[in-house]
$ cat start_25.pdb   # PDB, N, CA and C atoms, pLDDT in the B column
ATOM      1  N   MET I   1       0.856  -1.176   0.000  1.00 50.00           N
ATOM      2  CA  MET I   1       0.000   0.000   0.000  1.00 50.00           C
ATOM      3  C   MET I   1       0.901   1.239   0.000  1.00 50.00           C
ATOM      4  N   ILE I   2       0.909   1.948  -1.082  1.00 59.00           N
ATOM      5  CA  ILE I   2       1.790   3.097  -1.245  1.00 59.00           C
ATOM      6  C   ILE I   2       1.397   4.233  -0.308  1.00 59.00           C
ATOM      7  N   PHE I   3       0.115   4.469  -0.157  1.00 57.00           N
ATOM      8  CA  PHE I   3      -0.334   5.591   0.670  1.00 57.00           C
ATOM      9  C   PHE I   3       0.129   5.438   2.109  1.00 57.00           C
ATOM     10  N   GLY I   4       0.104   4.219   2.627  1.00 58.00           N
ATOM     11  CA  GLY I   4       0.547   3.963   3.983  1.00 58.00           C
ATOM     12  C   GLY I   4       2.041   4.175   4.159  1.00 58.00           C
ATOM     13  N   GLU I   5       2.806   3.962   3.092  1.00 69.00           N
ATOM     14  CA  GLU I   5       4.248   4.157   3.163  1.00 69.00           C
ATOM     15  C   GLU I   5       4.618   5.634   3.117  1.00 69.00           C
ATOM     16  N   LEU I   6       3.819   6.444   2.461  1.00 73.00           N
ATOM     17  CA  LEU I   6       4.133   7.860   2.316  1.00 73.00           C
ATOM     18  C   LEU I   6       3.815   8.657   3.574  1.00 73.00           C
ATOM     19  N   PHE I   7       2.708   8.364   4.200  1.00 73.00           N
ATOM     20  CA  PHE I   7       2.246   9.139   5.346  1.00 73.00           C
ATOM     21  C   PHE I   7       2.037   8.240   6.551  1.00 73.00           C
ATOM     22  N   SER I   8       2.517   8.677   7.679  1.00 84.00           N
ATOM     23  CA  SER I   8       2.240   7.957   8.918  1.00 84.00           C
ATOM     24  C   SER I   8       0.885   8.442   9.445  1.00 84.00           C
ATOM     25  N   PRO I   9       0.293   7.738  10.370  1.00 84.00           N
ATOM     26  CA  PRO I   9      -0.990   8.189  10.940  1.00 84.00           C
ATOM     27  C   PRO I   9      -0.894   9.583  11.562  1.00 84.00           C
ATOM     28  N   THR I  10       0.248   9.904  12.122  1.00 90.00           N
ATOM     29  CA  THR I  10       0.433  11.236  12.702  1.00 90.00           C
ATOM     30  C   THR I  10       0.383  12.306  11.624  1.00 90.00           C
ATOM     31  N   ASP I  11       1.027  12.037  10.484  1.00 89.00           N
ATOM     32  CA  ASP I  11       0.999  12.991   9.364  1.00 89.00           C
ATOM     33  C   ASP I  11      -0.425  13.217   8.874  1.00 89.00           C
ATOM     34  N   LEU I  12      -1.184  12.139   8.757  1.00 85.00           N
ATOM     35  CA  LEU I  12      -2.568  12.260   8.308  1.00 85.00           C
ATOM     36  C   LEU I  12      -3.411  13.053   9.300  1.00 85.00           C
ATOM     37  N   ALA I  13      -3.168  12.850  10.580  1.00 89.00           N
ATOM     38  CA  ALA I  13      -3.913  13.596  11.599  1.00 89.00           C
ATOM     39  C   ALA I  13      -3.611  15.082  11.497  1.00 89.00           C
ATOM     40  N   VAL I  14      -2.362  15.433  11.282  1.00 92.00           N
ATOM     41  CA  VAL I  14      -1.988  16.839  11.132  1.00 92.00           C
ATOM     42  C   VAL I  14      -2.655  17.440   9.906  1.00 92.00           C
ATOM     43  N   VAL I  15      -2.690  16.700   8.804  1.00 88.00           N
ATOM     44  CA  VAL I  15      -3.331  17.193   7.580  1.00 88.00           C
ATOM     45  C   VAL I  15      -4.818  17.422   7.820  1.00 88.00           C
ATOM     46  N   VAL I  16      -5.479  16.501   8.495  1.00 86.00           N
ATOM     47  CA  VAL I  16      -6.912  16.644   8.786  1.00 86.00           C
ATOM     48  C   VAL I  16      -7.160  17.873   9.657  1.00 86.00           C
ATOM     49  N   ILE I  17      -6.332  18.093  10.653  1.00 89.00           N
ATOM     50  CA  ILE I  17      -6.498  19.257  11.533  1.00 89.00           C
ATOM     51  C   ILE I  17      -6.296  20.554  10.758  1.00 89.00           C
ATOM     52  N   VAL I  18      -5.283  20.584   9.882  1.00 90.00           N
ATOM     53  CA  VAL I  18      -5.030  21.793   9.079  1.00 90.00           C
ATOM     54  C   VAL I  18      -6.206  22.061   8.146  1.00 90.00           C
ATOM     55  N   VAL I  19      -6.735  21.024   7.527  1.00 86.00           N
ATOM     56  CA  VAL I  19      -7.881  21.198   6.623  1.00 86.00           C
ATOM     57  C   VAL I  19      -9.087  21.715   7.400  1.00 86.00           C
ATOM     58  N   LEU I  20      -9.323  21.181   8.569  1.00 86.00           N
ATOM     59  CA  LEU I  20     -10.439  21.663   9.394  1.00 86.00           C
ATOM     60  C   LEU I  20     -10.257  23.128   9.777  1.00 86.00           C
ATOM     61  N   LEU I  21      -9.035  23.517  10.103  1.00 88.00           N
ATOM     62  CA  LEU I  21      -8.786  24.912  10.457  1.00 88.00           C
ATOM     63  C   LEU I  21      -8.951  25.842   9.259  1.00 88.00           C
ATOM     64  N   LEU I  22      -8.514  25.397   8.088  1.00 88.00           N
ATOM     65  CA  LEU I  22      -8.598  26.249   6.899  1.00 88.00           C
ATOM     66  C   LEU I  22     -10.026  26.408   6.390  1.00 88.00           C
ATOM     67  N   PHE I  23     -10.750  25.310   6.313  1.00 83.00           N
ATOM     68  CA  PHE I  23     -12.058  25.349   5.669  1.00 83.00           C
ATOM     69  C   PHE I  23     -13.226  25.351   6.647  1.00 83.00           C
ATOM     70  N   GLY I  24     -13.028  24.883   7.833  1.00 84.00           N
ATOM     71  CA  GLY I  24     -14.112  24.831   8.800  1.00 84.00           C
ATOM     72  C   GLY I  24     -15.004  23.624   8.571  1.00 84.00           C
ATOM     73  N   GLY I  25     -15.722  23.251   9.586  1.00 81.00           N
ATOM     74  CA  GLY I  25     -16.577  22.073   9.527  1.00 81.00           C
ATOM     75  C   GLY I  25     -17.754  22.202   8.584  1.00 81.00           C
ATOM     76  N   LYS I  26     -18.232  23.429   8.364  1.00 84.00           N
ATOM     77  CA  LYS I  26     -19.405  23.624   7.514  1.00 84.00           C
ATOM     78  C   LYS I  26     -19.075  23.467   6.030  1.00 84.00           C
ATOM     79  N   LYS I  27     -17.861  23.789   5.637  1.00 86.00           N
ATOM     80  CA  LYS I  27     -17.480  23.728   4.225  1.00 86.00           C
ATOM     81  C   LYS I  27     -17.014  22.344   3.786  1.00 86.00           C
ATOM     82  N   LEU I  28     -16.617  21.496   4.723  1.00 83.00           N
ATOM     83  CA  LEU I  28     -16.057  20.196   4.356  1.00 83.00           C
ATOM     84  C   LEU I  28     -17.032  19.296   3.597  1.00 83.00           C
ATOM     85  N   PRO I  29     -18.301  19.178   3.990  1.00 87.00           N
ATOM     86  CA  PRO I  29     -19.209  18.344   3.193  1.00 87.00           C
ATOM     87  C   PRO I  29     -19.369  18.856   1.763  1.00 87.00           C
ATOM     88  N   GLN I  30     -19.414  20.159   1.608  1.00 89.00           N
ATOM     89  CA  GLN I  30     -19.529  20.742   0.269  1.00 89.00           C
ATOM     90  C   GLN I  30     -18.272  20.459  -0.553  1.00 89.00           C
ATOM     91  N   LEU I  31     -17.108  20.572   0.069  1.00 85.00           N
ATOM     92  CA  LEU I  31     -15.857  20.277  -0.630  1.00 85.00           C
ATOM     93  C   LEU I  31     -15.784  18.806  -1.009  1.00 85.00           C
ATOM     94  N   GLY I  32     -16.189  17.930  -0.119  1.00 86.00           N
ATOM     95  CA  GLY I  32     -16.184  16.500  -0.411  1.00 86.00           C
ATOM     96  C   GLY I  32     -17.130  16.144  -1.539  1.00 86.00           C
ATOM     97  N   ARG I  33     -18.301  16.772  -1.524  1.00 92.00           N
ATOM     98  CA  ARG I  33     -19.289  16.529  -2.571  1.00 92.00           C
ATOM     99  C   ARG I  33     -18.764  16.989  -3.931  1.00 92.00           C
ATOM    100  N   SER I  34     -18.170  18.173  -3.965  1.00 93.00           N
ATOM    101  CA  SER I  34     -17.655  18.678  -5.235  1.00 93.00           C
ATOM    102  C   SER I  34     -16.461  17.851  -5.718  1.00 93.00           C
ATOM    103  N   PHE I  35     -15.634  17.376  -4.798  1.00 89.00           N
ATOM    104  CA  PHE I  35     -14.519  16.513  -5.174  1.00 89.00           C
ATOM    105  C   PHE I  35     -15.035  15.189  -5.730  1.00 89.00           C
ATOM    106  N   GLY I  36     -16.058  14.615  -5.110  1.00 93.00           N
ATOM    107  CA  GLY I  36     -16.643  13.366  -5.600  1.00 93.00           C
ATOM    108  C   GLY I  36     -17.259  13.533  -6.977  1.00 93.00           C
ATOM    109  N   THR I  37     -17.952  14.632  -7.186  1.00 95.00           N
ATOM    110  CA  THR I  37     -18.547  14.903  -8.493  1.00 95.00           C
ATOM    111  C   THR I  37     -17.466  15.059  -9.554  1.00 95.00           C
ATOM    112  N   ALA I  38     -16.419  15.794  -9.229  1.00 94.00           N
ATOM    113  CA  ALA I  38     -15.336  16.010 -10.188  1.00 94.00           C
ATOM    114  C   ALA I  38     -14.629  14.703 -10.520  1.00 94.00           C
ATOM    115  N   SER I  39     -14.399  13.868  -9.517  1.00 94.00           N
ATOM    116  CA  SER I  39     -13.706  12.608  -9.793  1.00 94.00           C
ATOM    117  C   SER I  39     -14.579  11.661 -10.616  1.00 94.00           C
ATOM    118  N   SER I  40     -15.883  11.644 -10.373  1.00 94.00           N
ATOM    119  CA  SER I  40     -16.758  10.781 -11.172  1.00 94.00           C
ATOM    120  C   SER I  40     -16.845  11.281 -12.608  1.00 94.00           C
ATOM    121  N   GLU I  41     -16.890  12.587 -12.812  1.00 95.00           N
ATOM    122  CA  GLU I  41     -16.892  13.132 -14.170  1.00 95.00           C
ATOM    123  C   GLU I  41     -15.582  12.807 -14.887  1.00 95.00           C
ATOM    124  N   PHE I  42     -14.476  12.869 -14.168  1.00 94.00           N
ATOM    125  CA  PHE I  42     -13.187  12.530 -14.753  1.00 94.00           C
ATOM    126  C   PHE I  42     -13.159  11.068 -15.185  1.00 94.00           C
ATOM    127  N   LYS I  43     -13.681  10.165 -14.328  1.00 95.00           N
ATOM    128  CA  LYS I  43     -13.715   8.744 -14.658  1.00 95.00           C
ATOM    129  C   LYS I  43     -14.594   8.489 -15.875  1.00 95.00           C
ATOM    130  N   LYS I  44     -15.741   9.163 -15.942  1.00 95.00           N
ATOM    131  CA  LYS I  44     -16.630   8.998 -17.094  1.00 95.00           C
ATOM    132  C   LYS I  44     -15.943   9.458 -18.373  1.00 95.00           C
ATOM    133  N   GLY I  45     -15.265  10.581 -18.314  1.00 93.00           N
ATOM    134  CA  GLY I  45     -14.549  11.085 -19.485  1.00 93.00           C
ATOM    135  C   GLY I  45     -13.424  10.161 -19.901  1.00 93.00           C
ATOM    136  N   LEU I  46     -12.727   9.609 -18.937  1.00 92.00           N
ATOM    137  CA  LEU I  46     -11.636   8.676 -19.228  1.00 92.00           C
ATOM    138  C   LEU I  46     -12.168   7.413 -19.887  1.00 92.00           C
ATOM    139  N   GLU I  47     -13.259   6.866 -19.356  1.00 93.00           N
ATOM    140  CA  GLU I  47     -13.860   5.671 -19.946  1.00 93.00           C
ATOM    141  C   GLU I  47     -14.368   5.950 -21.357  1.00 93.00           C
ATOM    142  N   GLU I  48     -14.970   7.115 -21.565  1.00 92.00           N
ATOM    143  CA  GLU I  48     -15.468   7.479 -22.886  1.00 92.00           C
ATOM    144  C   GLU I  48     -14.319   7.612 -23.887  1.00 92.00           C
ATOM    145  N   THR I  49     -13.230   8.203 -23.440  1.00 91.00           N
ATOM    146  CA  THR I  49     -12.065   8.345 -24.301  1.00 91.00           C
ATOM    147  C   THR I  49     -11.492   6.984 -24.656  1.00 91.00           C
ATOM    148  N   GLN I  50     -11.429   6.078 -23.698  1.00 89.00           N
ATOM    149  CA  GLN I  50     -10.907   4.747 -23.964  1.00 89.00           C
ATOM    150  C   GLN I  50     -11.811   4.000 -24.937  1.00 89.00           C
ATOM    151  N   LYS I  51     -13.134   4.137 -24.791  1.00 87.00           N
ATOM    152  CA  LYS I  51     -14.058   3.493 -25.727  1.00 87.00           C
ATOM    153  C   LYS I  51     -13.870   4.042 -27.136  1.00 87.00           C
ATOM    154  N   ASN I  52     -13.724   5.373 -27.248  1.00 84.00           N
ATOM    155  CA  ASN I  52     -13.528   5.973 -28.558  1.00 84.00           C
ATOM    156  C   ASN I  52     -12.211   5.532 -29.172  1.00 84.00           C
ATOM    157  N   ASP I  53     -11.166   5.391 -28.362  1.00 81.00           N
ATOM    158  CA  ASP I  53      -9.881   4.925 -28.866  1.00 81.00           C
ATOM    159  C   ASP I  53      -9.988   3.503 -29.388  1.00 81.00           C
ATOM    160  N   HIS I  54     -10.712   2.647 -28.654  1.00 79.00           N
ATOM    161  CA  HIS I  54     -10.882   1.267 -29.091  1.00 79.00           C
ATOM    162  C   HIS I  54     -11.691   1.202 -30.383  1.00 79.00           C
ATOM    163  N   LYS I  55     -12.739   2.019 -30.473  1.00 77.00           N
ATOM    164  CA  LYS I  55     -13.551   2.036 -31.689  1.00 77.00           C
ATOM    165  C   LYS I  55     -12.738   2.507 -32.877  1.00 77.00           C
ATOM    166  N   SER I  56     -11.942   3.571 -32.684  1.00 76.00           N
ATOM    167  CA  SER I  56     -11.159   4.094 -33.804  1.00 76.00           C
ATOM    168  C   SER I  56     -10.060   3.117 -34.201  1.00 76.00           C
ATOM    169  N   SER I  57      -9.456   2.413 -33.240  1.00 75.00           N
ATOM    170  CA  SER I  57      -8.422   1.440 -33.599  1.00 75.00           C
ATOM    171  C   SER I  57      -9.042   0.235 -34.295  1.00 75.00           C
ATOM    172  N   ASP I  58     -10.248  -0.176 -33.877  1.00 71.00           N
ATOM    173  CA  ASP I  58     -10.929  -1.272 -34.558  1.00 71.00           C
ATOM    174  C   ASP I  58     -11.291  -0.874 -35.979  1.00 71.00           C
ATOM    175  N   LEU I  59     -11.772   0.347 -36.152  1.00 66.00           N
ATOM    176  CA  LEU I  59     -12.126   0.832 -37.478  1.00 66.00           C
ATOM    177  C   LEU I  59     -10.888   0.924 -38.361  1.00 66.00           C
ATOM    178  N   LYS I  60      -9.794   1.393 -37.801  1.00 68.00           N
ATOM    179  CA  LYS I  60      -8.553   1.506 -38.552  1.00 68.00           C
ATOM    180  C   LYS I  60      -8.052   0.129 -38.975  1.00 68.00           C
ATOM    181  N   ASN I  61      -8.165  -0.857 -38.089  1.00 68.00           N
ATOM    182  CA  ASN I  61      -7.742  -2.215 -38.414  1.00 68.00           C
ATOM    183  C   ASN I  61      -8.608  -2.807 -39.518  1.00 68.00           C
ATOM    184  N   GLU I  62      -9.907  -2.513 -39.511  1.00 67.00           N
ATOM    185  CA  GLU I  62     -10.795  -3.025 -40.544  1.00 67.00           C
ATOM    186  C   GLU I  62     -10.482  -2.411 -41.897  1.00 67.00           C
ATOM    187  N   THR I  63     -10.159  -1.130 -41.936  1.00 67.00           N
ATOM    188  CA  THR I  63      -9.885  -0.474 -43.215  1.00 67.00           C
ATOM    189  C   THR I  63      -8.512  -0.826 -43.743  1.00 67.00           C
ATOM    190  N   ASN I  64      -7.566  -1.197 -42.881  1.00 63.00           N
ATOM    191  CA  ASN I  64      -6.229  -1.558 -43.321  1.00 63.00           C
ATOM    192  C   ASN I  64      -6.114  -2.981 -43.788  1.00 63.00           C
ATOM    193  N   GLN I  65      -7.088  -3.826 -43.484  1.00 63.00           N
ATOM    194  CA  GLN I  65      -7.040  -5.216 -43.921  1.00 63.00           C
ATOM    195  C   GLN I  65      -7.409  -5.292 -45.389  1.00 63.00           C
ATOM    196  N   SER I  66      -6.576  -5.987 -46.133  1.00 55.00           N
ATOM    197  CA  SER I  66      -6.866  -6.128 -47.563  1.00 55.00           C
ATOM    198  C   SER I  66      -7.894  -7.248 -47.739  1.00 55.00           C
ATOM    199  N   PRO I  67      -8.797  -7.065 -48.697  1.00 57.00           N
ATOM    200  CA  PRO I  67      -9.809  -8.105 -48.921  1.00 57.00           C
ATOM    201  C   PRO I  67      -9.147  -9.374 -49.454  1.00 57.00           C
ATOM    202  N   LYS I  68      -9.668 -10.492 -49.006  1.00 56.00           N
ATOM    203  CA  LYS I  68      -9.114 -11.775 -49.426  1.00 56.00           C
ATOM    204  C   LYS I  68      -9.608 -12.117 -50.833  1.00 56.00           C
ATOM    205  N   GLU I  69      -8.680 -12.552 -51.649  1.00 55.00           N
ATOM    206  CA  GLU I  69      -9.020 -12.960 -53.007  1.00 55.00           C
ATOM    207  C   GLU I  69      -9.553 -14.377 -52.990  1.00 55.00           C
ATOM    208  N   PRO I  70     -10.662 -14.663 -53.691  1.00 53.00           N
ATOM    209  CA  PRO I  70     -11.193 -16.038 -53.719  1.00 53.00           C
ATOM    210  C   PRO I  70     -10.391 -16.944 -54.626  1.00 53.00           C
TER     211      PRO I  70
END
$ encode --input "start_25.pdb" --output "structure tokens"
Amino acid sequence: MIFGELFSPTDLAVVVIVVLLLFGGKKLPQLGRSFGTASSEFKKGLEETQKNDHKSSDLKNETNQSPKEP
């Protein structure tokens, strides 16, 4: 687990306290909601891009194949 190797529990506690001091308890749910929405939109866009890449590569492969002579 990379995240556990980068930050100790003490480091995470300090980060949480700093975030609470900067944004306050009332803003945190709104920030979390907007972060969740942004990450889901990013995932949807990434999946759509991957689907389009697969479709275009499949189409390119079909057009590059020479027809078989009988």
$ atom_distance --input "start_25.pdb" --atom1 "atom C of I:Glu48" --atom2 "atom N of I:Phe35"
21.5 Å
$ atom_distance --input "start_25.pdb" --atom1 "atom C of I:Gly25" --atom2 "atom C of I:Lys44"
29.9 Å
$ atom_distance --input "start_25.pdb" --atom1 "atom CA of I:Leu6" --atom2 "atom CA of I:Val18"
18.0 Å
